[in-house]
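Engineer: Structure supplied as work.pdb; contents: PDB, C-alpha atoms.
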ATOM      1  CA  MET Z   1     -98.111   2.287  84.035
ATOM      2  CA  ALA Z   2     -95.593   1.275  81.454
ATOM      3  CA  ALA Z   3     -96.768  -0.846  78.529
ATOM      4  CA  ALA Z   4     -94.500  -3.741  79.506
ATOM      5  CA  GLU Z   5     -95.837  -3.716  83.087
ATOM      6  CA  ALA Z   6     -99.462  -3.691  81.892
ATOM      7  CA  ALA Z   7     -98.810  -6.536  79.484
ATOM      8  CA  LEU Z   8     -97.171  -8.566  82.255
ATOM      9  CA  LYS Z   9    -100.177  -8.010  84.557
ATOM     10  CA  ILE Z  10    -102.629  -9.067  81.853
ATOM     11  CA  ARG Z  11    -100.553 -12.130  80.988
ATOM     12  CA  MET Z  12    -100.384 -13.163  84.672
ATOM     13  CA  ALA Z  13    -104.140 -12.743  85.073
ATOM     14  CA  MET Z  14    -104.798 -14.821  81.947
ATOM     15  CA  GLU Z  15    -102.396 -17.540  83.075
ATOM     16  CA  GLN Z  16    -104.019 -17.613  86.500
ATOM     17  CA  LEU Z  17    -107.455 -18.055  84.922
ATOM     18  CA  LYS Z  18    -106.205 -20.792  82.593
ATOM     19  CA  ALA Z  19    -104.311 -22.611  85.342
ATOM     20  CA  THR Z  20    -107.195 -22.764  87.765
ATOM     21  CA  GLY Z  21    -110.024 -23.218  85.255
ATOM     22  CA  VAL Z  22    -112.485 -20.362  84.864
ATOM     23  CA  ARG Z  23    -115.544 -22.629  85.416
ATOM     24  CA  GLU Z  24    -114.231 -23.785  88.794
ATOM     25  CA  ARG Z  25    -113.460 -20.306  90.166
ATOM     26  CA  PRO Z  26    -116.037 -18.365  92.118
ATOM     27  CA  LEU Z  27    -117.695 -15.607  90.119
ATOM     28  CA  VAL Z  28    -116.273 -12.984  92.500
ATOM     29  CA  GLU Z  29    -112.723 -14.067  91.745
ATOM     30  CA  VAL Z  30    -113.340 -14.080  87.989
ATOM     31  CA  LEU Z  31    -114.848 -10.617  88.236
ATOM     32  CA  ASP Z  32    -111.924  -9.496  90.338
ATOM     33  CA  LEU Z  33    -109.480 -10.803  87.729
ATOM     34  CA  SER Z  34    -111.541  -9.176  84.977
ATOM     35  CA  HIS Z  35    -111.326  -5.861  86.842
ATOM     36  CA  GLN Z  36    -107.579  -6.281  87.161
ATOM     37  CA  MET Z  37    -107.334  -6.926  83.419
ATOM     38  CA  ALA Z  38    -109.554  -3.977  82.621
ATOM     39  CA  ASP Z  39    -107.495  -1.716  84.915
ATOM     40  CA  ALA Z  40    -104.279  -2.952  83.352
ATOM     41  CA  MET Z  41    -105.614  -2.431  79.822
ATOM     42  CA  THR Z  42    -106.942   1.019  80.686
ATOM     43  CA  ALA Z  43    -103.557   1.969  82.084
ATOM     44  CA  PHE Z  44    -101.834   0.428  79.063
ATOM     45  CA  PHE Z  45    -103.964   2.225  76.480
ATOM     46  CA  GLY Z  46    -103.762   5.404  78.545
ATOM     47  CA  SER Z  47     -99.978   5.399  78.422
ATOM     48  CA  LEU Z  48    -100.060   4.310  74.774
ATOM     49  CA  ASP Z  49    -102.381   7.148  73.818
ATOM     50  CA  LYS Z  50    -100.271   9.808  75.522
ATOM     51  CA  SER Z  51     -96.986   8.874  73.796
ATOM     52  CA  ILE Z  52     -98.532   8.104  70.406
ATOM     53  CA  ILE Z  53    -100.796  11.117  70.414
ATOM     54  CA  GLY Z  54     -97.732  13.216  71.163
ATOM     55  CA  GLU Z  55     -95.914  11.665  68.215
ATOM     56  CA  PHE Z  56     -98.910  12.067  65.910
ATOM     57  CA  ARG Z  57     -99.374  15.657  67.038
ATOM     58  CA  TYR Z  58     -95.702  16.381  66.269
ATOM     59  CA  LEU Z  59     -96.050  14.745  62.855
ATOM     60  CA  ALA Z  60     -99.256  16.623  62.127
ATOM     61  CA  ASP Z  61     -97.627  19.931  63.092
ATOM     62  CA  PHE Z  62     -94.611  19.117  60.957
ATOM     63  CA  ILE Z  63     -96.802  18.218  57.964
ATOM     64  CA  GLN Z  64     -98.825  21.384  58.416
ATOM     65  CA  GLN Z  65     -95.628  23.428  58.618
ATOM     66  CA  ALA Z  66     -94.307  21.689  55.498
ATOM     67  CA  ARG Z  67     -97.568  22.414  53.674
ATOM     68  CA  ASP Z  68     -97.351  26.061  54.704
ATOM     69  CA  GLU Z  69     -93.743  26.258  53.555
ATOM     70  CA  ILE Z  70     -94.497  24.519  50.256
ATOM     71  CA  SER Z  71     -97.357  26.914  49.749
ATOM     72  CA  GLY Z  72     -95.035  29.814  50.601
ATOM     73  CA  LEU Z  73     -92.483  28.529  48.141
ATOM     74  CA  GLN Z  74     -95.003  29.297  45.383
ATOM     75  CA  ALA Z  75     -93.562  26.550  43.245
ATOM     76  CA  ASN Z  76     -96.211  26.982  40.550
ATOM     77  CA  ASP Z  77     -95.524  30.704  40.371
ATOM     78  CA  ILE Z  78     -91.799  29.979  39.980
ATOM     79  CA  LYS Z  79     -92.382  27.224  37.409
ATOM     80  CA  ASP Z  80     -95.137  28.900  35.388
ATOM     81  CA  THR Z  81     -94.191  32.564  35.567
ATOM     82  CA  ARG Z  82     -90.827  33.489  37.006
ATOM     83  CA  LEU Z  83     -88.499  30.960  35.338
ATOM     84  CA  PRO Z  84     -90.122  31.268  31.884
ATOM     85  CA  GLY Z  85     -90.055  35.051  32.366
ATOM     86  CA  ALA Z  86     -86.331  34.981  33.141
ATOM     87  CA  SER Z  87     -85.703  32.727  30.171
ATOM     88  CA  THR Z  88     -87.625  35.066  27.841
ATOM     89  CA  GLU Z  89     -85.700  38.090  29.107
ATOM     90  CA  LEU Z  90     -82.339  36.346  28.640
ATOM     91  CA  ASP Z  91     -83.317  35.240  25.132
ATOM     92  CA  ALA Z  92     -84.104  38.877  24.370
ATOM     93  CA  VAL Z  93     -80.724  39.945  25.793
ATOM     94  CA  VAL Z  94     -78.933  37.482  23.489
ATOM     95  CA  ARG Z  95     -81.024  38.622  20.512
ATOM     96  CA  ASP Z  96     -80.510  42.362  21.210
ATOM     97  CA  THR Z  97     -76.784  41.868  21.757
ATOM     98  CA  GLU Z  98     -76.399  39.884  18.539
ATOM     99  CA  ARG Z  99     -78.350  42.491  16.581
ATOM    100  CA  ALA Z 100     -76.279  45.354  17.980
ATOM    101  CA  THR Z 101     -73.007  43.510  17.415
ATOM    102  CA  GLU Z 102     -74.019  42.769  13.835
ATOM    103  CA  SER Z 103     -74.831  46.459  13.236
ATOM    104  CA  ILE Z 104     -71.623  47.727  14.827
ATOM    105  CA  MET Z 105     -69.410  45.226  13.011
ATOM    106  CA  SER Z 106     -71.086  45.880   9.670
ATOM    107  CA  GLU Z 107     -70.574  49.617  10.066
ATOM    108  CA  ALA Z 108     -66.941  49.088  11.095
ATOM    109  CA  GLU Z 109     -66.348  46.813   8.092
ATOM    110  CA  LYS Z 110     -67.938  49.400   5.775
ATOM    111  CA  LEU Z 111     -65.645  52.083   7.220
ATOM    112  CA  MET Z 112     -62.593  49.892   6.617
ATOM    113  CA  ASN Z 113     -63.567  49.504   2.977
ATOM    114  CA  ILE Z 114     -64.404  53.155   2.180
ATOM    115  CA  GLU Z 115     -62.075  54.722  -0.367
ATOM    116  CA  ALA Z 116     -60.742  57.984   1.061
ATOM    117  CA  THR Z 117     -60.269  59.704  -2.272
ATOM    118  CA  ASP Z 118     -62.896  62.393  -1.666
ATOM    119  CA  LEU Z 119     -62.293  63.662   1.869
ATOM    120  CA  VAL Z 120     -65.641  65.495   2.149
ATOM    121  CA  ALA Z 121     -67.567  62.374   1.102
ATOM    122  CA  TYR Z 122     -65.319  60.245   3.314
ATOM    123  CA  LYS Z 123     -66.070  62.466   6.344
ATOM    124  CA  ALA Z 124     -69.805  62.254   5.625
ATOM    125  CA  ASP Z 125     -69.619  58.439   5.358
ATOM    126  CA  VAL Z 126     -67.641  58.175   8.597
ATOM    127  CA  ASP Z 127     -70.060  60.497  10.458
ATOM    128  CA  ALA Z 128     -73.084  58.537   9.213
ATOM    129  CA  ALA Z 129     -71.507  55.212  10.184
ATOM    130  CA  MET Z 130     -70.579  56.579  13.613
ATOM    131  CA  MET Z 131     -74.168  57.716  14.212
ATOM    132  CA  ARG Z 132     -75.432  54.219  13.350
ATOM    133  CA  ILE Z 133     -72.864  52.733  15.742
ATOM    134  CA  PHE Z 134     -74.060  55.087  18.508
ATOM    135  CA  GLU Z 135     -77.668  54.040  17.811
ATOM    136  CA  ALA Z 136     -76.724  50.380  17.954
ATOM    137  CA  CYS Z 137     -75.037  50.935  21.323
ATOM    138  CA  SER Z 138     -78.418  51.887  22.805
ATOM    139  CA  PHE Z 139     -79.016  48.145  23.178
ATOM    140  CA  GLN Z 140     -77.006  48.327  26.405
ATOM    141  CA  ASP Z 141     -79.766  50.307  28.132
ATOM    142  CA  LEU Z 142     -82.398  47.689  27.239
ATOM    143  CA  THR Z 143     -80.242  44.684  28.022
ATOM    144  CA  GLY Z 144     -79.235  46.285  31.325
ATOM    145  CA  GLN Z 145     -82.906  46.598  32.294
ATOM    146  CA  ARG Z 146     -83.645  43.043  31.189
ATOM    147  CA  VAL Z 147     -80.726  41.612  33.138
ATOM    148  CA  THR Z 148     -81.798  43.600  36.214
ATOM    149  CA  LYS Z 149     -85.265  41.978  35.955
ATOM    150  CA  VAL Z 150     -83.703  38.516  35.692
ATOM    151  CA  ILE Z 151     -81.504  39.190  38.728
ATOM    152  CA  ALA Z 152     -84.610  40.265  40.709
ATOM    153  CA  MET Z 153     -86.402  37.048  39.662
ATOM    154  CA  LEU Z 154     -83.452  34.878  40.651
ATOM    155  CA  ARG Z 155     -83.172  36.659  44.014
ATOM    156  CA  HIS Z 156     -86.880  36.051  44.641
ATOM    157  CA  ILE Z 157     -86.459  32.334  43.879
ATOM    158  CA  GLU Z 158     -83.291  32.132  45.979
ATOM    159  CA  ASP Z 159     -85.109  33.772  48.900
ATOM    160  CA  ARG Z 160     -88.066  31.364  48.679
ATOM    161  CA  VAL Z 161     -85.925  28.255  48.354
ATOM    162  CA  THR Z 162     -83.628  29.331  51.200
ATOM    163  CA  LYS Z 163     -86.591  29.932  53.535
ATOM    164  CA  PHE Z 164     -88.116  26.590  52.542
ATOM    165  CA  ALA Z 165     -84.863  24.682  53.130
ATOM    166  CA  ASP Z 166     -84.237  26.430  56.452
ATOM    167  CA  ALA Z 167     -87.793  25.831  57.725
ATOM    168  CA  LEU Z 168     -87.728  22.127  56.932
ATOM    169  CA  GLY Z 169     -84.091  21.590  57.871
ATOM    170  CA  VAL Z 170     -83.337  20.280  54.395
ATOM    171  CA  THR Z 171     -79.752  19.162  53.846
ATOM    172  CA  ASP Z 172     -78.235  18.285  50.485
ATOM    173  CA  SER Z 173     -77.733  14.610  49.797
ATOM    174  CA  ALA Z 174     -74.548  13.499  48.074
ATOM    175  CA  GLN Z 175     -75.050  13.727  44.322
ATOM    176  CA  GLN Z 176     -73.427  11.572  41.717
ATOM    177  CA  GLU Z 177     -71.529  13.420  39.002
ATOM    178  CA  THR Z 178     -73.401  13.392  35.698
ATOM    179  CA  ALA Z 179     -71.716  12.419  32.425
ATOM    180  CA  GLU Z 180     -71.897  16.047  31.293
ATOM    181  CA  GLU Z 181     -70.280  17.278  34.532
ATOM    182  CA  ALA Z 182     -67.534  14.650  34.218
ATOM    183  CA  ARG Z 183     -66.863  15.718  30.627
ATOM    184  CA  LYS Z 184     -66.628  19.380  31.671
ATOM    185  CA  ARG Z 185     -64.221  18.496  34.463
ATOM    186  CA  GLU Z 186     -62.023  16.280  32.278
ATOM    187  CA  LEU Z 187     -61.865  18.798  29.419
ATOM    188  CA  LEU Z 188     -61.350  21.752  31.788
ATOM    189  CA  LEU Z 189     -64.473  23.524  30.545
ATOM    190  CA  ASN Z 190     -64.683  26.149  33.267
ATOM    191  CA  GLY Z 191     -66.076  29.051  31.239
ATOM    192  CA  PRO Z 192     -65.175  32.709  31.666
ATOM    193  CA  ALA Z 193     -64.141  33.928  35.127
ATOM    194  CA  VAL Z 194     -66.518  36.416  36.790
ATOM    195  CA  ASN Z 195     -64.117  39.270  37.514
ATOM    196  CA  GLY Z 196     -61.879  39.247  34.475
ATOM    197  CA  PRO Z 197     -59.479  36.488  33.477
ATOM    198  CA  ALA Z 198     -58.427  34.100  36.246
ATOM    199  CA  THR Z 199     -54.892  34.327  34.846
ATOM    200  CA  SER Z 200     -53.768  37.573  33.216
ATOM    201  CA  GLN Z 201     -52.348  37.648  29.688
ATOM    202  CA  ASP Z 202     -49.015  38.764  31.175
ATOM    203  CA  ASP Z 203     -48.894  35.705  33.446
ATOM    204  CA  ILE Z 204     -49.839  33.460  30.511
ATOM    205  CA  ASP Z 205     -47.092  35.061  28.414
ATOM    206  CA  ALA Z 206     -44.610  34.340  31.208
ATOM    207  CA  LEU Z 207     -45.475  30.638  30.925
ATOM    208  CA  PHE Z 208     -44.647  30.756  27.212
ATOM    209  CA  ALA Z 209     -41.492  32.849  27.536
TER     210      ALA Z 209
ATOM    211  CA  MET A   1     -37.712  33.967   6.455
ATOM    212  CA  ALA A   2     -40.756  36.152   5.905
ATOM    213  CA  VAL A   3     -44.147  34.840   6.796
ATOM    214  CA  ASP A   4     -46.202  33.800   3.788
ATOM    215  CA  LEU A   5     -49.307  35.945   4.217
ATOM    216  CA  SER A   6     -51.134  33.930   1.578
ATOM    217  CA  MET A   7     -50.977  30.753   3.654
ATOM    218  CA  PRO A   8     -54.356  29.350   4.698
ATOM    219  CA  VAL A   9     -55.294  30.138   8.290
ATOM    220  CA  LEU A  10     -58.065  28.185   9.986
ATOM    221  CA  VAL A  11     -60.114  30.097  12.567
ATOM    222  CA  VAL A  12     -62.211  27.839  14.812
ATOM    223  CA  ASP A  13     -64.966  29.264  17.019
ATOM    224  CA  ASP A  14     -68.615  28.461  17.655
ATOM    225  CA  TYR A  15     -69.451  32.194  17.746
ATOM    226  CA  GLN A  16     -69.641  33.719  14.290
ATOM    227  CA  THR A  17     -68.979  37.160  15.762
ATOM    228  CA  MET A  18     -65.621  36.051  17.155
ATOM    229  CA  ILE A  19     -64.679  34.456  13.828
ATOM    230  CA  ARG A  20     -65.565  37.745  12.154
ATOM    231  CA  ILE A  21     -63.452  39.761  14.610
ATOM    232  CA  ILE A  22     -60.412  37.506  14.127
ATOM    233  CA  ARG A  23     -60.923  37.422  10.354
ATOM    234  CA  ASN A  24     -60.999  41.246  10.210
ATOM    235  CA  LEU A  25     -57.908  41.539  12.417
ATOM    236  CA  LEU A  26     -56.045  38.979  10.289
ATOM    237  CA  ASN A  27     -57.102  40.831   7.138
ATOM    238  CA  GLN A  28     -55.771  44.068   8.590
ATOM    239  CA  LEU A  29     -52.474  42.319   9.295
ATOM    240  CA  GLY A  30     -52.279  41.161   5.694
ATOM    241  CA  PHE A  31     -53.534  37.559   5.910
ATOM    242  CA  LYS A  32     -55.916  36.992   3.028
ATOM    243  CA  ASN A  33     -56.582  33.258   2.979
ATOM    244  CA  ILE A  34     -58.753  32.635   5.993
ATOM    245  CA  GLU A  35     -61.070  29.690   6.469
ATOM    246  CA  GLU A  36     -63.398  29.000   9.339
ATOM    247  CA  ALA A  37     -64.854  26.098  11.310
ATOM    248  CA  LYS A  38     -67.506  26.150  14.000
ATOM    249  CA  ASP A  39     -66.086  23.380  16.225
ATOM    250  CA  GLY A  40     -63.163  21.007  16.615
ATOM    251  CA  ARG A  41     -64.696  18.230  14.551
ATOM    252  CA  GLN A  42     -65.335  20.453  11.540
ATOM    253  CA  ALA A  43     -61.851  21.946  11.950
ATOM    254  CA  LEU A  44     -60.230  18.501  11.944
ATOM    255  CA  GLU A  45     -62.046  17.602   8.728
ATOM    256  CA  LYS A  46     -60.798  20.790   7.078
ATOM    257  CA  LEU A  47     -57.266  20.292   8.384
ATOM    258  CA  ASN A  48     -57.156  16.724   7.073
ATOM    259  CA  GLY A  49     -58.522  17.888   3.731
ATOM    260  CA  GLY A  50     -56.019  20.672   3.112
ATOM    261  CA  LYS A  51     -52.785  22.314   4.187
ATOM    262  CA  PHE A  52     -52.991  25.101   6.725
ATOM    263  CA  GLY A  53     -50.189  27.303   7.978
ATOM    264  CA  LEU A  54     -51.888  28.185  11.260
ATOM    265  CA  VAL A  55     -54.827  27.226  13.458
ATOM    266  CA  ILE A  56     -56.436  29.797  15.749
ATOM    267  CA  SER A  57     -58.961  28.023  17.950
ATOM    268  CA  ASP A  58     -61.406  28.659  20.751
ATOM    269  CA  TRP A  59     -61.445  26.109  23.606
ATOM    270  CA  ASN A  60     -65.081  25.784  24.655
ATOM    271  CA  MET A  61     -66.979  24.250  21.729
ATOM    272  CA  GLU A  62     -69.188  21.223  21.165
ATOM    273  CA  PRO A  63     -69.100  18.450  20.092
ATOM    274  CA  MET A  64     -65.283  18.637  19.970
ATOM    275  CA  THR A  65     -63.489  21.238  22.063
ATOM    276  CA  GLY A  66     -60.445  23.214  20.996
ATOM    277  CA  PHE A  67     -58.380  21.276  23.535
ATOM    278  CA  GLU A  68     -59.446  17.973  21.971
ATOM    279  CA  LEU A  69     -58.680  19.428  18.535
ATOM    280  CA  LEU A  70     -55.192  20.388  19.735
ATOM    281  CA  GLN A  71     -54.618  16.856  21.054
ATOM    282  CA  GLN A  72     -55.820  15.344  17.746
ATOM    283  CA  VAL A  73     -53.623  17.689  15.714
ATOM    284  CA  ARG A  74     -50.527  16.889  17.768
ATOM    285  CA  ALA A  75     -51.280  13.150  17.557
ATOM    286  CA  SER A  76     -51.503  13.242  13.762
ATOM    287  CA  ASP A  77     -48.369  12.611  11.669
ATOM    288  CA  LYS A  78     -49.741  14.882   8.976
ATOM    289  CA  LEU A  79     -50.816  17.781  11.208
ATOM    290  CA  LYS A  80     -48.535  17.633  14.238
ATOM    291  CA  ASP A  81     -46.280  20.528  13.134
ATOM    292  CA  THR A  82     -49.144  22.954  12.383
ATOM    293  CA  PRO A  83     -48.790  26.102  14.514
ATOM    294  CA  PHE A  84     -51.704  26.301  16.942
ATOM    295  CA  ILE A  85     -52.840  29.343  18.931
ATOM    296  CA  MET A  86     -55.593  29.009  21.512
ATOM    297  CA  VAL A  87     -57.895  32.059  21.827
ATOM    298  CA  THR A  88     -60.264  31.471  24.714
ATOM    299  CA  ALA A  89     -62.110  32.721  27.777
ATOM    300  CA  GLU A  90     -60.773  29.670  29.657
ATOM    301  CA  SER A  91     -58.236  31.552  31.728
ATOM    302  CA  LYS A  92     -57.484  29.229  34.635
ATOM    303  CA  THR A  93     -53.820  28.414  35.010
ATOM    304  CA  GLU A  94     -54.681  24.706  34.796
ATOM    305  CA  ASN A  95     -56.117  25.313  31.319
ATOM    306  CA  VAL A  96     -53.026  27.186  30.149
ATOM    307  CA  ILE A  97     -50.690  24.518  31.535
ATOM    308  CA  ALA A  98     -52.766  21.682  30.029
ATOM    309  CA  ALA A  99     -52.733  23.388  26.630
ATOM    310  CA  LYS A 100     -48.981  23.994  26.850
ATOM    311  CA  LYS A 101     -48.377  20.350  27.764
ATOM    312  CA  ALA A 102     -50.571  19.307  24.824
ATOM    313  CA  GLY A 103     -48.369  21.342  22.510
ATOM    314  CA  VAL A 104     -50.103  24.676  21.941
ATOM    315  CA  ASN A 105     -47.769  27.328  20.521
ATOM    316  CA  ASN A 106     -49.387  30.277  22.248
ATOM    317  CA  TYR A 107     -52.403  31.212  24.303
ATOM    318  CA  ILE A 108     -54.576  34.337  24.149
ATOM    319  CA  VAL A 109     -57.201  35.014  26.775
ATOM    320  CA  LYS A 110     -60.454  36.710  25.725
ATOM    321  CA  PRO A 111     -61.206  39.555  25.515
ATOM    322  CA  PHE A 112     -58.074  40.486  23.602
ATOM    323  CA  ASN A 113     -56.945  43.354  21.417
ATOM    324  CA  ALA A 114     -55.340  43.563  17.992
ATOM    325  CA  GLU A 115     -51.878  44.165  19.440
ATOM    326  CA  THR A 116     -52.054  40.978  21.528
ATOM    327  CA  LEU A 117     -53.062  38.906  18.503
ATOM    328  CA  LYS A 118     -50.346  40.507  16.391
ATOM    329  CA  GLY A 119     -47.751  39.844  19.106
ATOM    330  CA  LYS A 120     -48.681  36.172  19.394
ATOM    331  CA  LEU A 121     -48.712  35.712  15.610
ATOM    332  CA  LYS A 122     -45.191  37.129  15.474
ATOM    333  CA  ALA A 123     -44.089  34.931  18.372
ATOM    334  CA  VAL A 124     -45.397  31.824  16.616
ATOM    335  CA  LEU A 125     -44.782  32.580  12.915
ATOM    336  CA  GLY A 126     -41.956  35.105  13.009
ATOM    337  CA  GLU A 127     -41.837  38.712  11.779
ATOM    338  CA  PHE A 128     -44.204  39.796   9.018
TER     339      PHE A 128
END
Will you turn the file into structure tokens for me?
Structural biologist:
Amino acid sequence: MAAAEAALKIRMAMEQLKATGVRERPLVEVLDLSHQMADAMTAFFGSLDKSIIGEFRYLADFIQQARDEISGLQANDIKDTRLPGASTELDAVVRDTERATESIMSEAEKLMNIEATDLVAYKADVDAAMMRIFEACSFQDLTGQRVTKVIAMLRHIEDRVTKFADALGVTDSAQQETAEEARKRELLLNGPAVNGPATSQDDIDALFA
Amino acid sequence: MAVDLSMPVLVVDDYQTMIRIIRNLLNQLGFKNIEEAKDGRQALEKLNGGKFGLVISDWNMEPMTGFELLQQVRASDKLKDTPFIMVTAESKTENVIAAKKAGVNNYIVKPFNAETLKGKLKAVLGEF
């Protein structure tokens, strides 16, 4: 029985009781009307329970799934371990690169300033400087390993977030451009292109020819 | 007319390493009077406080970019004729065109080599 039908039946029974006066009606009739109301209400709550229970069950399943996915996302692991770890590794990459660059440039500047009056001494100075430049270049091995670790961390996070978004059917809402983003757009701050210059030096030269 | 190699050159970059590279290359080419600034704002102060024969500037710097510096230089009666070379990793055509419209004399995309810098200096200043 649909909810509207049950409500109509109950209303009719109530109106009938009111119209005729409950005290004047025989007990059998009142009981009969009471039964009708009880039947109608049972049917009403029965139908109500089925649809609402279904909805609640769906919501409960969805919440449980969301909890599982949030748990699987390991947000605390990402926040407390992986992102700080990536940040530390990248800081070390910057530091190692700066240190190596400083060493290489200092050696190169020393070489430029060596007086080549004594060729034997000059050769010894050049060889020693070259060895120090080779040593400094070993930073590439370490930074390569560090960057590889950061890439692995980012892939892990990407994988988790992708699974989470897919499972919950998350779609991106429209985002308003921040002041910093607007400034970057207006001042054409694009940064270096990934695979070499976006426009070659030859093409740039053609624009200035 | 020969280029005056003693003229002050202002190198603007927020990376000290890049300033050092350009300074060494300029020294090798014979330029001896090289000053440096770490962003557009500091560069503008130096330019307004002295007379420079050339500005070599990066684009991507804070708080004032090289592009903003170029616009300020070209808008200034005192500085508008100062030769200006952009040396930057900003290599999109839109960047190059915007810089050209703003009045840049030449544009070098990073990474660059000594020959490229030398070629652009000659194109802007003349033979030296």
Engineer: At a cut-off of 7 Å, can you tabulate as JSON lines every residue of chain Z near chain A together with its closest atom pair and the distance in Å to one decimal, using only C-alpha atoms and ordering rows by chain then number?
Structural biologist:
{"residue": "Z:Leu188", "atom": "CA", "partner": "A:Asn95", "partner_atom": "CA", "distance": 6.3}
{"residue": "Z:Leu189", "atom": "CA", "partner": "A:Asn60", "partner_atom": "CA", "distance": 6.3}
{"residue": "Z:Asn190", "atom": "CA", "partner": "A:Glu90", "partner_atom": "CA", "distance": 6.4}
{"residue": "Z:Gly191", "atom": "CA", "partner": "A:Glu90", "partner_atom": "CA", "distance": 5.6}
{"residue": "Z:Pro192", "atom": "CA", "partner": "A:Ala89", "partner_atom": "CA", "distance": 5.0}
{"residue": "Z:Pro197", "atom": "CA", "partner": "A:Ser91", "partner_atom": "CA", "distance": 5.4}
{"residue": "Z:Ala198", "atom": "CA", "partner": "A:Ser91", "partner_atom": "CA", "distance": 5.2}
{"residue": "Z:Thr199", "atom": "CA", "partner": "A:Ser91", "partner_atom": "CA", "distance": 5.3}
{"residue": "Z:Gln201", "atom": "CA", "partner": "A:Val109", "partner_atom": "CA", "distance": 6.2}
{"residue": "Z:Phe208", "atom": "CA", "partner": "A:Asn106", "partner_atom": "CA", "distance": 6.9}
Engineer: Those selected residues, please, written with C-alpha atoms and delivered as a tab-separated table (two decimals), in the coordinates of the input.
Structural biologist:
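Generated file (result17.tsv):
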chain	number	residue	atom	x	y	z
Z	188	LEU	CA	-61.35	21.75	31.79
Z	189	LEU	CA	-64.47	23.52	30.54
Z	190	ASN	CA	-64.68	26.15	33.27
Z	191	GLY	CA	-66.08	29.05	31.24
Z	192	PRO	CA	-65.18	32.71	31.67
Z	197	PRO	CA	-59.48	36.49	33.48
Z	198	ALA	CA	-58.43	34.10	36.25
Z	199	THR	CA	-54.89	34.33	34.85
Z	201	GLN	CA	-52.35	37.65	29.69
Z	208	PHE	CA	-44.65	30.76	27.21
Engineer: Take atom CA of A:Tyr15 and atom CA of Z:Leu90 and report the distance between them in Å, one decimal.
Structural biologist: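 Distance reported for this atom pair: 17.4 Å.
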Engineer: If you measure from atom CA of Z:Gly46 to atom CA of Z:Lys9, what distance in Å do you get, rounded to one decimal?
Structural biologist: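 Spanning atom CA of Z:Gly46 to atom CA of Z:Lys9 is a straight-line distance of 15.1 Å.
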Engineer: How would you write as number ranges by chain the residues that get within 10 Å of (-37.4, 36.4, 12.4) in the file's frame, counting all atoms listed in the file?
Structural biologist: A: 1-3, 122-123, 125-128
Engineer: Please provide the set of residues having any atom within 8 Å of stretch 45-58 of chain A, restricted to all atoms listed in the file, with same-chain residues fewer than 2 positions apart removed, written as a ChimeraX atom specification.
Structural biologist: /A:7-14,37,41-43,60-61,65-66,78-79,82-88
Engineer: Around (-73.1, 45.3, 16.5) in the file's frame, which residues reach within 10 Å when counting only C-alpha atoms? Return as a ChimeraX atom specification?
Structural biologist: /Z:96-108,132-133,135-137,139 /A:17
Engineer: Would you work out the distance separating atom CA of Z:Lys18 from atom CA of Z:Gln36, expressed in Å to one decimal?
Structural biologist: 15.3 Å
Engineer: Of the candidates A:Leu5, A:Met18, A:Ala99, A:Leu29, which one gets nearest to A:Ala114 if we count only C-alpha atoms?
Structural biologist: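 Comparing A:Leu5, A:Met18, A:Ala99, A:Leu29 against A:Ala114, the winner is A:Leu29.
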Engineer: Kindly provide, as AutoDock Vina command-line options, the centre and edge lengths (Å, one decimal) of an axis-aligned box around all atoms of stretch 41-44 of chain A given in the file, with 3 Å on each side.
Structural biologist:
--center_x -62.8 --center_y 20.1 --center_z 13.0 --size_x 11.1 --size_y 9.7 --size_z 9.0
Engineer: So that I can see what lies close to Z:Ala92, please list as a compact mmCIF listing (two decimals) with C-alpha atoms, in the frame of the given file the residues with an atom at most 10 Å from it, counting all atoms listed in the file and leaving out residues fewer than 6 positions away in the same chain.
Structural biologist:
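Ended up saving to around.txt:
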# COMPACT_ATOMS: atom_id res chain seq x y z
CA ALA Z 86 -86.33 34.98 33.14
CA GLU Z 98 -76.40 39.88 18.54
CA LEU Z 142 -82.40 47.69 27.24
CA THR Z 143 -80.24 44.68 28.02
CA ARG Z 146 -83.64 43.04 31.19
CA VAL Z 147 -80.73 41.61 33.14
Engineer: Quick one: residues within 9 Å of stretch 168-172 of chain Z, all atoms listed in the file, excluding same-chain residues fewer than 5 positions away - as a list in words?
Structural biologist: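 Counting only the stated atoms, we get Phe62, Gln65, Ala66, Glu69 and Lys163 of chain Z.
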Engineer: For the selection just defined, write its residues with C-alpha atoms to a file, as an mmCIF file, in the coordinates of the input.
Structural biologist:
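Result file follows (selection.cif):
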data_model
loop_
_atom_site.group_PDB
_atom_site.id
_atom_site.type_symbol
_atom_site.label_atom_id
_atom_site.label_comp_id
_atom_site.auth_asym_id
_atom_site.auth_seq_id
_atom_site.Cartn_x
_atom_site.Cartn_y
_atom_site.Cartn_z
ATOM 1 C CA PHE Z 62 -94.611 19.117 60.957
ATOM 2 C CA GLN Z 65 -95.628 23.428 58.618
ATOM 3 C CA ALA Z 66 -94.307 21.689 55.498
ATOM 4 C CA GLU Z 69 -93.743 26.258 53.555
ATOM 5 C CA LYS Z 163 -86.591 29.932 53.535
#
